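To be precise, the following lines are coords_36.csv, and they hold CSV, C-alpha atoms and all ligand atoms.
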chain,number,residue,atom,x,y,z
A,123,MET,CA,12.8,30.9,22.7
A,124,TYR,CA,12.6,27.1,22.7
A,125,GLY,CA,11.2,27.0,26.2
A,126,LYS,CA,7.6,27.9,25.3
A,127,PHE,CA,7.6,25.8,22.2
A,128,LYS,CA,9.0,22.9,24.2
A,129,GLU,CA,6.1,23.2,26.7
A,130,HIS,CA,3.6,23.3,23.9
A,131,LEU,CA,5.0,20.2,22.3
A,132,GLN,CA,5.1,18.4,25.7
A,133,GLN,CA,1.4,19.2,26.2
A,134,GLU,CA,0.5,18.0,22.7
A,135,LEU,CA,2.4,14.8,23.2
A,136,GLU,CA,0.7,14.3,26.5
A,137,GLN,CA,-2.6,14.7,24.9
A,138,ILE,CA,-1.7,12.1,22.2
A,139,ARG,CA,-0.7,9.7,25.0
A,140,GLU,CA,-3.9,10.3,27.0
A,141,ALA,CA,-6.0,9.7,24.0
A,142,GLY,CA,-4.2,6.4,23.7
A,143,LEU,CA,-2.9,7.3,20.2
A,144,PHE,CA,0.8,7.4,20.9
A,145,LYS,CA,2.7,5.3,18.4
A,146,SER,CA,5.7,3.5,19.7
A,147,GLU,CA,8.0,1.5,17.6
A,148,ARG,CA,8.9,-2.1,18.3
A,149,ILE,CA,12.5,-2.8,17.5
A,150,ILE,CA,13.4,-5.8,15.3
A,151,THR,CA,16.9,-7.2,15.3
A,152,SER,CA,16.6,-9.6,12.5
A,153,SER,CA,15.9,-9.2,8.8
A,154,GLN,CA,12.3,-8.8,7.7
A,155,ASP,CA,10.7,-12.3,7.3
A,156,ALA,CA,7.9,-14.6,8.2
A,157,GLU,CA,9.7,-15.1,11.5
A,158,ILE,CA,11.5,-12.1,13.1
A,159,ARG,CA,13.5,-11.5,16.3
A,160,LEU,CA,12.6,-8.7,18.6
A,161,GLU,CA,15.0,-6.6,20.7
A,162,ASN,CA,14.1,-8.6,23.8
A,163,GLY,CA,15.3,-11.8,22.1
A,164,MET,CA,11.8,-13.1,21.5
A,165,LYS,CA,11.2,-14.8,18.2
A,166,VAL,CA,7.7,-14.1,16.8
A,167,LEU,CA,5.7,-15.0,13.6
A,168,ASN,CA,5.2,-11.8,11.6
A,169,PHE,CA,1.7,-11.2,10.3
A,170,CYS,CA,1.9,-7.4,10.0
A,171,ALA,CA,4.5,-6.6,7.3
A,172,ASN,CA,3.6,-5.7,3.7
A,173,ASN,CA,6.0,-8.5,2.7
A,174,TYR,CA,3.3,-10.2,0.6
A,175,LEU,CA,5.5,-12.2,-1.7
A,176,GLY,CA,8.2,-12.8,0.9
A,177,LEU,CA,10.8,-10.9,-1.2
A,178,SER,CA,12.1,-8.6,1.5
A,179,ASN,CA,14.9,-11.0,2.3
A,180,HIS,CA,15.1,-12.9,-1.0
A,181,PRO,CA,18.6,-14.2,-1.8
A,182,GLU,CA,18.3,-13.4,-5.5
A,183,LEU,CA,17.3,-9.8,-4.9
A,184,ILE,CA,20.1,-9.4,-2.3
A,185,ARG,CA,22.6,-10.8,-4.9
A,186,ALA,CA,21.3,-8.4,-7.6
A,187,ALA,CA,21.6,-5.5,-5.2
A,188,GLN,CA,25.2,-6.5,-4.2
A,189,SER,CA,26.4,-7.0,-7.7
A,190,ALA,CA,24.9,-3.6,-8.8
A,191,MET,CA,27.0,-2.0,-6.0
A,192,ASP,CA,30.1,-3.5,-7.6
A,193,THR,CA,29.2,-2.3,-11.1
A,194,HIS,CA,27.2,0.9,-10.5
A,195,GLY,CA,28.3,2.1,-7.0
A,196,TYR,CA,26.4,3.0,-3.9
A,197,GLY,CA,24.7,6.3,-4.3
A,198,MET,CA,23.7,8.7,-7.1
A,199,SER,CA,24.2,12.1,-5.4
A,200,SER,CA,22.0,13.7,-8.1
A,201,VAL,CA,18.4,14.1,-9.2
A,202,ARG,CA,17.5,12.3,-12.4
A,203,PHE,CA,17.7,15.1,-14.9
A,204,ILE,CA,21.2,16.3,-13.9
A,205,CYS,CA,23.3,13.2,-13.6
A,206,GLY,CA,21.2,10.7,-11.7
A,207,THR,CA,19.9,8.5,-14.5
A,208,GLN,CA,21.8,5.2,-15.1
A,209,ASP,CA,21.0,2.5,-17.6
A,210,LEU,CA,19.5,0.6,-14.7
A,211,HIS,CA,16.8,3.3,-14.0
A,212,LYS,CA,15.7,3.2,-17.6
A,213,SER,CA,15.6,-0.5,-17.6
A,214,LEU,CA,13.5,-0.7,-14.5
A,215,GLU,CA,11.1,1.9,-15.9
A,216,LYS,CA,10.6,-0.3,-19.0
A,217,LYS,CA,10.0,-3.4,-16.9
A,218,ILE,CA,7.4,-1.7,-14.8
A,219,ALA,CA,5.5,-0.5,-17.9
A,220,ALA,CA,5.7,-4.1,-19.4
A,221,PHE,CA,4.3,-5.5,-16.1
A,222,PHE,CA,1.3,-3.2,-16.1
A,223,GLY,CA,0.8,-3.1,-19.9
A,224,THR,CA,1.4,0.7,-20.0
A,225,ALA,CA,3.5,2.9,-22.3
A,226,ASP,CA,6.1,4.4,-19.9
A,227,THR,CA,7.0,4.7,-16.3
A,228,ILE,CA,8.6,7.4,-14.0
A,229,LEU,CA,10.4,6.3,-10.8
A,230,TYR,CA,10.2,8.2,-7.5
A,231,ALA,CA,11.8,7.8,-4.1
A,232,ALA,CA,8.5,6.5,-2.8
A,233,CYS,CA,4.9,6.1,-3.8
A,234,PHE,CA,4.2,8.9,-1.4
A,235,ASP,CA,6.1,11.1,-3.7
A,236,ALA,CA,4.5,9.6,-6.8
A,237,ASN,CA,1.1,10.5,-5.5
A,238,GLY,CA,2.3,13.8,-4.1
A,239,GLY,CA,3.7,14.8,-7.5
A,240,LEU,CA,1.0,13.5,-9.7
A,241,PHE,CA,-1.9,15.9,-9.8
A,242,GLU,CA,-0.3,19.4,-9.7
A,243,PRO,CA,1.7,19.1,-12.9
A,244,LEU,CA,-1.3,17.7,-14.9
A,245,LEU,CA,-4.3,19.7,-13.7
A,246,THR,CA,-5.4,23.2,-13.0
A,247,ALA,CA,-8.3,25.0,-11.3
A,248,GLU,CA,-10.4,24.3,-14.5
A,249,ASP,CA,-10.3,20.6,-13.7
A,250,ALA,CA,-11.8,18.2,-11.2
A,251,ILE,CA,-10.4,15.4,-9.1
A,252,ILE,CA,-13.0,12.8,-7.8
A,253,SER,CA,-11.5,10.8,-5.0
A,254,ASP,CA,-12.7,7.8,-2.9
A,255,ALA,CA,-13.3,8.8,0.7
A,256,LEU,CA,-10.9,6.2,2.0
A,257,ASN,CA,-8.0,6.9,-0.3
A,258,HIS,CA,-4.4,6.8,1.1
A,259,ALA,CA,-2.9,9.9,2.8
A,260,SER,CA,-0.5,10.4,0.0
A,261,ILE,CA,-3.3,10.8,-2.5
A,262,ILE,CA,-5.1,13.2,-0.2
A,263,ASP,CA,-1.9,15.3,0.1
A,264,GLY,CA,-1.3,15.1,-3.7
A,265,VAL,CA,-4.8,16.4,-4.3
A,266,ARG,CA,-4.3,19.2,-1.8
A,267,LEU,CA,-1.2,20.4,-3.7
A,268,CYS,CA,-3.2,20.8,-6.9
A,269,LYS,CA,-5.6,23.6,-7.7
A,270,ALA,CA,-8.3,21.3,-9.3
A,271,GLN,CA,-11.8,21.3,-7.8
A,272,ARG,CA,-12.2,18.5,-5.3
A,273,TYR,CA,-15.0,16.0,-5.2
A,274,ARG,CA,-15.2,13.0,-2.9
A,275,TYR,CA,-17.4,9.9,-3.3
A,276,ARG,CA,-18.4,7.5,-0.5
A,277,HIS,CA,-16.0,4.5,-0.3
A,278,ASN,CA,-16.5,2.2,-3.3
A,279,ASP,CA,-20.0,3.7,-3.8
A,280,MET,CA,-20.5,3.7,-7.6
A,281,GLU,CA,-23.8,5.6,-7.4
A,282,ASP,CA,-22.2,8.3,-5.5
A,283,LEU,CA,-19.3,8.4,-7.9
A,284,GLU,CA,-21.7,8.8,-10.7
A,285,GLN,CA,-23.4,11.7,-8.9
A,286,GLN,CA,-20.0,13.4,-8.4
A,287,LEU,CA,-19.2,12.8,-12.1
A,288,ILE,CA,-22.4,14.5,-13.1
A,289,GLN,CA,-21.7,17.4,-10.9
A,290,ALA,CA,-18.2,17.8,-12.3
A,291,GLN,CA,-19.3,17.9,-15.9
A,292,GLU,CA,-18.7,21.6,-16.2
A,293,GLN,CA,-15.0,21.2,-15.6
A,294,ARG,CA,-12.5,20.8,-18.4
A,295,PHE,CA,-11.0,17.4,-17.4
A,296,ARG,CA,-12.2,15.0,-14.7
A,297,VAL,CA,-9.9,12.5,-12.9
A,298,ILE,CA,-11.2,9.6,-10.8
A,299,VAL,CA,-8.6,8.4,-8.3
A,300,THR,CA,-8.8,5.3,-6.0
A,301,ASP,CA,-6.6,2.9,-4.1
A,302,GLY,CA,-6.7,-0.6,-5.7
A,303,VAL,CA,-6.8,-2.4,-2.4
A,304,PHE,CA,-7.8,-0.5,0.7
A,305,SER,CA,-5.3,-1.3,3.5
A,306,MET,CA,-7.7,-1.5,6.5
A,307,ASP,CA,-10.4,-3.8,5.1
A,308,GLY,CA,-8.4,-5.4,2.3
A,309,ASP,CA,-11.3,-4.7,0.0
A,310,THR,CA,-10.8,-3.8,-3.7
A,311,ALA,CA,-12.0,-0.9,-5.8
A,312,PRO,CA,-14.4,-2.2,-8.5
A,313,VAL,CA,-12.1,-0.8,-11.3
A,314,ASP,CA,-14.2,-2.3,-14.1
A,315,ARG,CA,-17.2,-0.2,-13.0
A,316,ILE,CA,-15.0,2.8,-12.4
A,317,CYS,CA,-13.7,2.5,-16.0
A,318,GLU,CA,-17.3,2.2,-17.3
A,319,LEU,CA,-18.3,5.4,-15.5
A,320,ALA,CA,-15.1,7.1,-16.7
A,321,ASP,CA,-16.1,6.2,-20.3
A,322,LYS,CA,-19.7,7.4,-19.8
A,323,TYR,CA,-18.7,10.7,-18.2
A,324,ASN,CA,-15.5,11.4,-19.9
A,325,ALA,CA,-13.0,11.0,-17.1
A,326,ILE,CA,-9.4,9.9,-16.7
A,327,THR,CA,-8.7,7.1,-14.2
A,328,VAL,CA,-5.9,6.8,-11.7
A,329,VAL,CA,-5.4,3.6,-9.6
A,330,ASP,CA,-2.9,3.3,-6.8
A,331,GLU,CA,-1.8,-0.3,-6.8
A,332,SER,CA,0.5,-0.1,-3.7
A,333,HIS,CA,-1.3,-2.9,-1.8
A,334,SER,CA,-2.5,-4.8,-4.9
A,335,ALA,CA,0.4,-5.0,-7.3
A,336,GLY,CA,2.2,-8.3,-7.1
A,337,VAL,CA,-0.7,-9.6,-4.9
A,338,VAL,CA,-4.1,-9.6,-6.6
A,339,GLY,CA,-5.1,-11.1,-9.9
A,340,GLU,CA,-4.1,-14.5,-11.2
A,341,THR,CA,-0.6,-13.4,-12.1
A,342,GLY,CA,-0.3,-10.5,-9.5
A,343,ARG,CA,-0.8,-7.7,-12.0
A,344,GLY,CA,-3.1,-6.0,-9.6
A,345,VAL,CA,-6.7,-4.9,-9.6
A,346,THR,CA,-6.7,-4.2,-13.4
A,347,GLU,CA,-6.1,-7.9,-13.9
A,348,LEU,CA,-8.6,-8.9,-11.2
A,349,TYR,CA,-11.3,-6.9,-12.9
A,350,GLY,CA,-10.3,-7.5,-16.4
A,351,VAL,CA,-9.4,-3.9,-17.3
A,352,ARG,CA,-5.7,-4.3,-17.9
A,353,GLY,CA,-4.5,-1.5,-20.2
A,354,LYS,CA,-7.7,0.5,-19.7
A,355,VAL,CA,-6.7,2.5,-16.6
A,356,ASP,CA,-5.0,5.7,-17.6
A,357,ILE,CA,-2.5,6.1,-14.8
A,358,ILE,CA,-1.2,3.6,-12.2
A,359,THR,CA,0.9,4.4,-9.2
A,360,GLY,CA,2.6,1.9,-7.0
A,361,THR,CA,5.4,1.2,-4.6
A,362,LEU,CA,8.5,-1.0,-4.5
A,363,GLY,CA,8.2,-0.9,-0.7
A,364,LYS,CA,5.6,-3.6,-0.3
A,365,ALA,CA,5.2,-6.8,-2.3
A,366,PHE,CA,7.9,-5.8,-4.7
A,367,GLY,CA,10.9,-6.4,-2.4
A,368,GLY,CA,10.0,-3.9,0.3
A,369,ALA,CA,13.1,-1.7,0.1
A,370,ILE,CA,12.1,1.7,-1.2
A,371,GLY,CA,10.8,3.4,-4.3
A,372,GLY,CA,7.7,4.4,-6.1
A,373,PHE,CA,6.4,4.8,-9.6
A,374,THR,CA,3.8,6.2,-11.9
A,375,THR,CA,3.1,4.3,-15.1
A,376,GLY,CA,0.7,5.2,-17.9
A,377,HIS,CA,0.4,7.1,-21.2
A,378,GLY,CA,3.7,8.4,-22.7
A,379,GLU,CA,2.6,12.1,-22.6
A,380,VAL,CA,1.6,11.8,-19.0
A,381,ILE,CA,4.9,10.4,-18.0
A,382,GLU,CA,6.8,12.9,-20.1
A,383,MET,CA,5.0,15.8,-18.5
A,384,LEU,CA,5.7,14.4,-15.0
A,385,ARG,CA,9.4,14.2,-15.9
A,386,GLN,CA,9.2,17.9,-16.8
A,387,ARG,CA,7.1,19.2,-13.9
A,388,SER,CA,6.7,16.8,-11.0
A,389,ARG,CA,8.3,18.4,-8.0
A,390,PRO,CA,9.2,15.3,-6.0
A,391,TYR,CA,11.0,13.9,-9.1
A,392,LEU,CA,12.7,17.1,-10.1
A,393,PHE,CA,13.9,18.1,-6.6
A,394,SER,CA,14.7,14.8,-4.9
A,395,ASN,CA,17.5,12.3,-5.2
A,396,SER,CA,17.6,9.4,-7.6
A,397,LEU,CA,17.1,5.8,-6.3
A,398,PRO,CA,20.3,4.0,-5.5
A,399,PRO,CA,21.6,1.4,-8.1
A,400,SER,CA,21.3,-1.5,-5.6
A,401,VAL,CA,17.6,-0.9,-5.2
A,402,VAL,CA,17.0,-0.4,-8.9
A,403,ALA,CA,18.9,-3.5,-9.9
A,404,ALA,CA,17.0,-5.6,-7.3
A,405,GLY,CA,13.8,-4.2,-8.8
A,406,ILE,CA,14.8,-5.3,-12.3
A,407,ARG,CA,15.6,-8.8,-11.0
A,408,MET,CA,12.3,-8.8,-9.1
A,409,PHE,CA,10.2,-8.0,-12.2
A,410,ASP,CA,12.1,-10.7,-14.2
A,411,MET,CA,11.0,-13.1,-11.5
A,412,MET,CA,7.4,-12.0,-11.9
A,413,ASP,CA,7.6,-12.9,-15.6
A,414,GLU,CA,9.3,-16.2,-14.9
A,415,THR,CA,6.8,-17.7,-12.5
A,416,THR,CA,3.5,-17.0,-10.6
A,417,GLU,CA,4.5,-19.5,-7.9
A,418,LEU,CA,4.7,-16.8,-5.2
A,419,GLN,CA,1.2,-15.4,-6.1
A,420,GLN,CA,-0.2,-18.9,-6.0
A,421,LYS,CA,1.4,-19.6,-2.6
A,422,LEU,CA,0.1,-16.3,-1.3
A,423,HIS,CA,-3.5,-17.0,-2.5
A,424,ARG,CA,-3.4,-20.5,-1.0
A,425,ASN,CA,-2.2,-19.1,2.3
A,426,THR,CA,-4.8,-16.4,2.4
A,427,ASP,CA,-7.6,-18.8,1.5
A,428,TYR,CA,-6.5,-21.3,4.1
A,429,PHE,CA,-6.2,-18.7,6.8
A,430,MET,CA,-9.6,-17.2,6.0
A,431,GLU,CA,-11.3,-20.5,5.9
A,432,LYS,CA,-9.9,-21.8,9.2
A,433,MET,CA,-10.5,-18.5,11.0
A,434,THR,CA,-14.1,-18.3,9.8
A,435,ALA,CA,-14.7,-21.9,10.8
A,436,ALA,CA,-13.3,-21.1,14.2
A,437,GLY,CA,-16.0,-18.5,14.6
A,438,PHE,CA,-14.1,-15.3,14.0
A,439,ASP,CA,-15.8,-12.4,12.2
A,440,ILE,CA,-13.7,-11.8,9.1
A,441,LYS,CA,-14.3,-9.2,6.5
A,442,PRO,CA,-14.6,-10.6,3.0
A,443,THR,CA,-11.3,-10.0,1.1
A,444,ARG,CA,-9.8,-10.6,-2.3
A,445,SER,CA,-6.4,-9.3,-1.1
A,446,ALA,CA,-3.8,-10.6,1.3
A,447,ILE,CA,-5.2,-8.4,4.1
A,448,CYS,CA,-7.5,-10.1,6.5
A,449,ALA,CA,-9.5,-7.9,9.0
A,450,VAL,CA,-10.5,-9.9,12.1
A,451,MET,CA,-13.3,-7.8,13.5
A,452,LEU,CA,-13.5,-7.2,17.2
A,453,TYR,CA,-15.4,-3.8,17.2
A,454,ASP,CA,-14.1,-2.8,20.6
A,455,ALA,CA,-10.9,-0.7,20.7
A,456,LYS,CA,-9.6,-2.0,24.1
A,457,LEU,CA,-10.3,-5.6,23.1
A,458,SER,CA,-8.3,-5.1,19.9
A,459,GLN,CA,-5.3,-3.9,22.0
A,460,THR,CA,-5.6,-6.6,24.6
A,461,MET,CA,-5.9,-9.3,22.0
A,462,ALA,CA,-2.9,-8.1,20.0
A,463,THR,CA,-0.8,-8.0,23.2
A,464,ARG,CA,-1.9,-11.5,24.2
A,465,LEU,CA,-1.2,-12.8,20.7
A,466,LEU,CA,2.3,-11.4,21.0
A,467,ASP,CA,2.8,-13.4,24.2
A,468,GLU,CA,1.9,-16.4,22.1
A,469,GLY,CA,4.5,-15.4,19.5
A,470,ILE,CA,2.1,-14.0,16.9
A,471,TYR,CA,2.9,-10.4,15.9
A,472,VAL,CA,-0.2,-8.6,14.7
A,473,ILE,CA,-1.6,-5.1,15.1
A,474,GLY,CA,-4.9,-4.0,16.5
A,475,PHE,CA,-6.4,-0.9,14.8
A,476,TYR,CA,-9.1,1.3,16.2
A,477,TYR,CA,-10.6,4.8,15.8
A,478,PRO,CA,-9.5,7.1,14.2
A,479,VAL,CA,-7.5,4.8,12.0
A,480,VAL,CA,-10.7,2.9,11.3
A,481,PRO,CA,-14.3,4.1,11.8
A,482,GLU,CA,-15.5,4.3,15.4
A,483,GLY,CA,-16.8,0.9,16.7
A,484,GLN,CA,-14.9,-0.9,13.9
A,485,ALA,CA,-11.8,-2.0,15.8
A,486,ARG,CA,-10.1,-5.0,14.5
A,487,ILE,CA,-6.8,-7.0,14.2
A,488,ARG,CA,-5.3,-6.8,10.8
A,489,VAL,CA,-3.6,-9.9,9.6
A,490,GLN,CA,-1.3,-9.7,6.5
A,491,LEU,CA,-0.6,-13.0,4.8
A,492,SER,CA,2.7,-13.6,2.9
A,493,ALA,CA,4.0,-16.2,0.5
A,494,ALA,CA,6.8,-16.5,3.1
A,495,HIS,CA,4.5,-18.1,5.6
A,496,ARG,CA,4.7,-21.9,5.8
A,497,GLN,CA,1.9,-24.2,6.7
A,498,GLU,CA,3.2,-24.5,10.3
A,499,HIS,CA,3.3,-20.7,10.6
A,500,LEU,CA,-0.3,-20.4,9.6
A,501,ASP,CA,-1.4,-23.2,11.9
A,502,ARG,CA,0.5,-21.7,14.8
A,503,ALA,CA,-1.2,-18.4,14.1
A,504,ILE,CA,-4.7,-19.9,13.9
A,505,ASP,CA,-4.1,-21.9,17.1
A,506,GLY,CA,-2.9,-18.7,18.8
A,507,PHE,CA,-6.0,-16.8,17.6
A,508,MET,CA,-8.3,-19.6,18.8
A,509,LYS,CA,-6.6,-19.9,22.2
A,510,VAL,CA,-6.6,-16.1,22.9
A,511,GLY,CA,-10.0,-15.7,21.2
A,512,ARG,CA,-11.6,-18.2,23.7
A,513,GLU,CA,-9.8,-16.7,26.6
A,514,LEU,CA,-11.2,-13.2,25.7
A,515,LYS,CA,-14.6,-14.6,24.8
A,516,VAL,CA,-14.3,-13.4,21.2
A,517,ILE,CA,-15.3,-17.0,20.1
A,518,GLY,CA,-17.2,-19.7,21.9
B,1,LIG,C1,2.0,2.3,1.2
B,1,LIG,C2,1.2,3.1,0.3
B,1,LIG,C3,1.7,4.3,-0.2
B,1,LIG,C4,3.1,4.8,0.1
B,1,LIG,O1,4.1,4.0,-0.5
B,1,LIG,P1,5.6,4.3,-0.1
B,1,LIG,O2,6.4,3.8,-1.3
B,1,LIG,O3,5.9,3.6,1.1
B,1,LIG,O4,5.7,5.8,0.0
B,1,LIG,C5,1.0,5.0,-1.2
B,1,LIG,N1,-0.3,4.6,-1.5
B,1,LIG,C6,-0.9,3.5,-0.9
B,1,LIG,C7,-2.2,3.1,-1.3
B,1,LIG,C8,-0.1,2.8,0.0
B,1,LIG,O5,-0.7,1.7,0.6

Mind turning the file's structure into C-alpha cells?
Amino acid sequence: MYGKFKEHLQQELEQIREAGLFKSERIITSSQDAEIRLENGMKVLNFCANNYLGLSNHPELIRAAQSAMDTHGYGMSSVRFICGTQDLHKSLEKKIAAFFGTADTILYAACFDANGGLFEPLLTAEDAIISDALNHASIIDGVRLCKAQRYRYRHNDMEDLEQQLIQAQEQRFRVIVTDGVFSMDGDTAPVDRICELADKYNAITVVDESHSAGVVGETGRGVTELYGVRGKVDIITGTLGKAFGGAIGGFTTGHGEVIEMLRQRSRPYLFSNSLPPSVVAAGIRMFDMMDETTELQQKLHRNTDYFMEKMTAAGFDIKPTRSAICAVMLYDAKLSQTMATRLLDEGIYVIGFYYPVVPEGQARIRVQLSAAHRQEHLDRAIDGFMKVGRELKVIG
C-alpha cells in the first residue's frame, strides 16, 4: 500500500524543491551562542537565533537546571493534574504572573500549545475572535479549533479593527488577539490603542508576547510596558523558548478565573506531559535575574540601536523597529538568498526570507540582535554587510 503514497509524497516534495521552498537544516555542533560552530567546522557569528538576552547558554541557568535534576529528578512522566505538578511548577507560575502583573499563570509544553489551547475552552459559537492578519501560526490554529465566529483585521490597522469590532457587536463576547512583536518586520502591535478600542466596544484582549517579553520595554516586560498598559491586557501568552532561556515551555497568564478554566479544559494542558524540573528551575532562576537587573535589556537595546544606526548610515534600507528584529530590505527573493549565502562565507549567519513567508516583493534578510553580541561581533557583522552589500550593488 505504501507504494502509491510514497510516489505521492515524492512528487509533493519535488514540487516544494522546484518552488525553491524546501527547508534544509544547518547543523550546529556547539551550544547556542553569539558565536557558533557549524558541522563543517566553520565558526560563524549568529544573528538568527531568538536568543535575545543571551541566556540560552547562561552559566546560572545551567547551574539551576543541574541542581534541580539532583533534587527533583529528570522527567515527570505525568500530566499536571495526575502527578505532574511539583513545587517548582507552582513557583514558576507565580514568578511569571509577578513579571507581567497578572493574577495567575498556567504552564504549557510550548507557546504553540498555549495558543492552541486558549480559545476553545473559553469561547463558543456565540462569541467572536478578532485577529490581526499577520498573527502567528499557533494563534491561527488555536482560533481554528474554536467554534467562535472569526474576524480578521488588516495588520496593525486600528480603523479596520474598529470596523470588525462594530460588526461583531451582536456576539456575546468579543476577543481581540495580536502578536506583541511581529517576527518578520519586528514591528509592535499598538496595544494602547487596542486596549482603548476594547474598552469602547466591550472586548477582551489577548497579546502573545513571545518575541517581545524580556525584550521590549524599559525593563523587558513586553509591549504592555512599552505602551504603558501593564495590567490592562486580559490575557498574555508567551514562550520560555526565546528570550527567556530558549529551552522549551510556554505559558498563559491573566485573570484568575481564565487560568482556572484553562486548567480544567485546555486540551494541550490536560493531555500532554508536564515540563521537566530542570527547565522549570532554570525558568525560576531566570525570572529572579529579571528582577535583579535590567542590564541585559539595556545591552540588547544598545546593540540594536548601534546596529540600526550603522546599517542605515551605510545605506541599507531597514524597517523601523522597536524590537530586536531588524529587517534589511532587499525586495528581490533571489538576492536575499545570494546575500545570505555570501554573508555566511564571511562568517555571518543570517537568513533571507521571501514569499510566501513575507509578502511578494518584500524579500529581506532578518537580523536578530542579542545581548550576547559584543561590540566586535556587531562591527564584524556590519563590515560583512557593507562588503557583500557593495559587491551585490545593494548599497553604493
Ligand atoms: C515562537 C512563537 C510561538 C511558539 O512558541 P514555542 O514556545 O516555540 O511553541 C508562538 N507565538 C509567537 C508569536 C511566536 O513568535

Considering only C-alpha atoms, return as a PyMOL selection string whatever protein or nucleic-acid residues lie within 12 Å of Cys317 (chain A), sequence-local ones (same chain, fewer than 3 positions apart) excluded.
chain A and resi 280+283-284+297-300+311-314+320-329+346+349-357

Export C-alpha atoms of the chosen residues as a PDB file, in the coordinates of the input?
ATOM      1  CA  MET A 280     -20.500   3.700  -7.600  1.00  0.00           C
ATOM      2  CA  LEU A 283     -19.300   8.400  -7.900  1.00  0.00           C
ATOM      3  CA  GLU A 284     -21.700   8.800 -10.700  1.00  0.00           C
ATOM      4  CA  VAL A 297      -9.900  12.500 -12.900  1.00  0.00           C
ATOM      5  CA  ILE A 298     -11.200   9.600 -10.800  1.00  0.00           C
ATOM      6  CA  VAL A 299      -8.600   8.400  -8.300  1.00  0.00           C
ATOM      7  CA  THR A 300      -8.800   5.300  -6.000  1.00  0.00           C
ATOM      8  CA  ALA A 311     -12.000  -0.900  -5.800  1.00  0.00           C
ATOM      9  CA  PRO A 312     -14.400  -2.200  -8.500  1.00  0.00           C
ATOM     10  CA  VAL A 313     -12.100  -0.800 -11.300  1.00  0.00           C
ATOM     11  CA  ASP A 314     -14.200  -2.300 -14.100  1.00  0.00           C
ATOM     12  CA  ALA A 320     -15.100   7.100 -16.700  1.00  0.00           C
ATOM     13  CA  ASP A 321     -16.100   6.200 -20.300  1.00  0.00           C
ATOM     14  CA  LYS A 322     -19.700   7.400 -19.800  1.00  0.00           C
ATOM     15  CA  TYR A 323     -18.700  10.700 -18.200  1.00  0.00           C
ATOM     16  CA  ASN A 324     -15.500  11.400 -19.900  1.00  0.00           C
ATOM     17  CA  ALA A 325     -13.000  11.000 -17.100  1.00  0.00           C
ATOM     18  CA  ILE A 326      -9.400   9.900 -16.700  1.00  0.00           C
ATOM     19  CA  THR A 327      -8.700   7.100 -14.200  1.00  0.00           C
ATOM     20  CA  VAL A 328      -5.900   6.800 -11.700  1.00  0.00           C
ATOM     21  CA  VAL A 329      -5.400   3.600  -9.600  1.00  0.00           C
ATOM     22  CA  THR A 346      -6.700  -4.200 -13.400  1.00  0.00           C
ATOM     23  CA  TYR A 349     -11.300  -6.900 -12.900  1.00  0.00           C
ATOM     24  CA  GLY A 350     -10.300  -7.500 -16.400  1.00  0.00           C
ATOM     25  CA  VAL A 351      -9.400  -3.900 -17.300  1.00  0.00           C
ATOM     26  CA  ARG A 352      -5.700  -4.300 -17.900  1.00  0.00           C
ATOM     27  CA  GLY A 353      -4.500  -1.500 -20.200  1.00  0.00           C
ATOM     28  CA  LYS A 354      -7.700   0.500 -19.700  1.00  0.00           C
ATOM     29  CA  VAL A 355      -6.700   2.500 -16.600  1.00  0.00           C
ATOM     30  CA  ASP A 356      -5.000   5.700 -17.600  1.00  0.00           C
ATOM     31  CA  ILE A 357      -2.500   6.100 -14.800  1.00  0.00           C
TER      32      ILE A 357
END

Which residues sit within 6 Å of ligand LIG 1 (chain B), counting all atoms listed in the file, listed as a PyMOL selection string?
chain A and resi 232-234+258+260+301+330+332-333+361+363+371-372

I'd like to know which of A:Glu482, A:Glu215, A:Asp209, A:Glu161 is closest to Gly378 (chain A), using only C-alpha atoms.
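For Gly378 (chain A), the nearest of the given residues is A:Glu215.
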
A:Cys205, A:Asn168, A:Ala236, A:Glu281 ranked by distance to Tyr471 (chain A), top pick (using only C-alpha atoms)
A:Asn168

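Closest approach to Gly195 (chain A) among A:Leu240, A:Val402, A:Ile440, A:Val450: A:Val402, based on all atoms listed in the file.
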
To one decimal place in Å, what is the distance between CA of Asp439 (chain A) and CA of Asp501 (chain A)?
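One can read the CA of Asp439 (chain A) to CA of Asp501 (chain A) distance as 18.0 Å.
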
How many Å lie between CA of Thr374 (chain A) and CA of Thr227 (chain A), rounded to one decimal?
5.6 Å

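The residue set within 6 Å of region 171-183 of chain A, counting all atoms listed in the file and dropping same-chain residues fewer than 6 places from it, reads Lys364, Ala365, Gly367, Gly368, Ala404, Leu418, Ser492, Ala493 and Ala494 of chain A.
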
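Among A:Ala247, A:Met433, A:Leu287, A:Leu256, the residue with the shortest atom-to-atom distance to Glu318 (chain A), counting all atoms listed in the file, is A:Leu287.
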
Mind pulling up the distance from CA of His423 (chain A) to CA of Thr341 (chain A)?
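So the answer is 10.7 Å.
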
Could you check the closest approach to Phe221 (chain A) for each of A:Ile406, A:Ile517, A:Ala455, A:Met508 and tell me which residue wins, using all atoms listed in the file?
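Of all the options, A:Ile406 lies closest to Phe221 (chain A).
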
Residues at most 6 Å from Gly474 (chain A), counting only C-alpha atoms, excluding those fewer than 6 positions away in the same chain, as an mmCIF file with C-alpha atoms, keeping the file's coordinate frame?
data_model
loop_
_atom_site.group_PDB
_atom_site.id
_atom_site.type_symbol
_atom_site.label_atom_id
_atom_site.label_comp_id
_atom_site.auth_asym_id
_atom_site.auth_seq_id
_atom_site.Cartn_x
_atom_site.Cartn_y
_atom_site.Cartn_z
ATOM 1 C CA SER A 458 -8.300 -5.100 19.900
ATOM 2 C CA GLN A 459 -5.300 -3.900 22.000
ATOM 3 C CA ALA A 462 -2.900 -8.100 20.000
ATOM 4 C CA ARG A 486 -10.100 -5.000 14.500
ATOM 5 C CA ILE A 487 -6.800 -7.000 14.200
#

Using all atoms listed in the file, which protein or nucleic acid residues come within 12 Å of Leu500 (chain A)? Drop anything in the same chain fewer than 3 positions from it, and give the result as a ChimeraX atom specification.
/A:156-157,167-169,422,424-433,470,489-497,503-507

12 Å contact set for Gln386 (chain A), only C-alpha atoms, chain neighbours under 2 positions out, as JSON, numbers by chain:
{"A": [202, 203, 228, 239, 240, 242, 243, 244, 379, 380, 381, 382, 383, 384, 388, 389, 390, 391, 392, 393]}
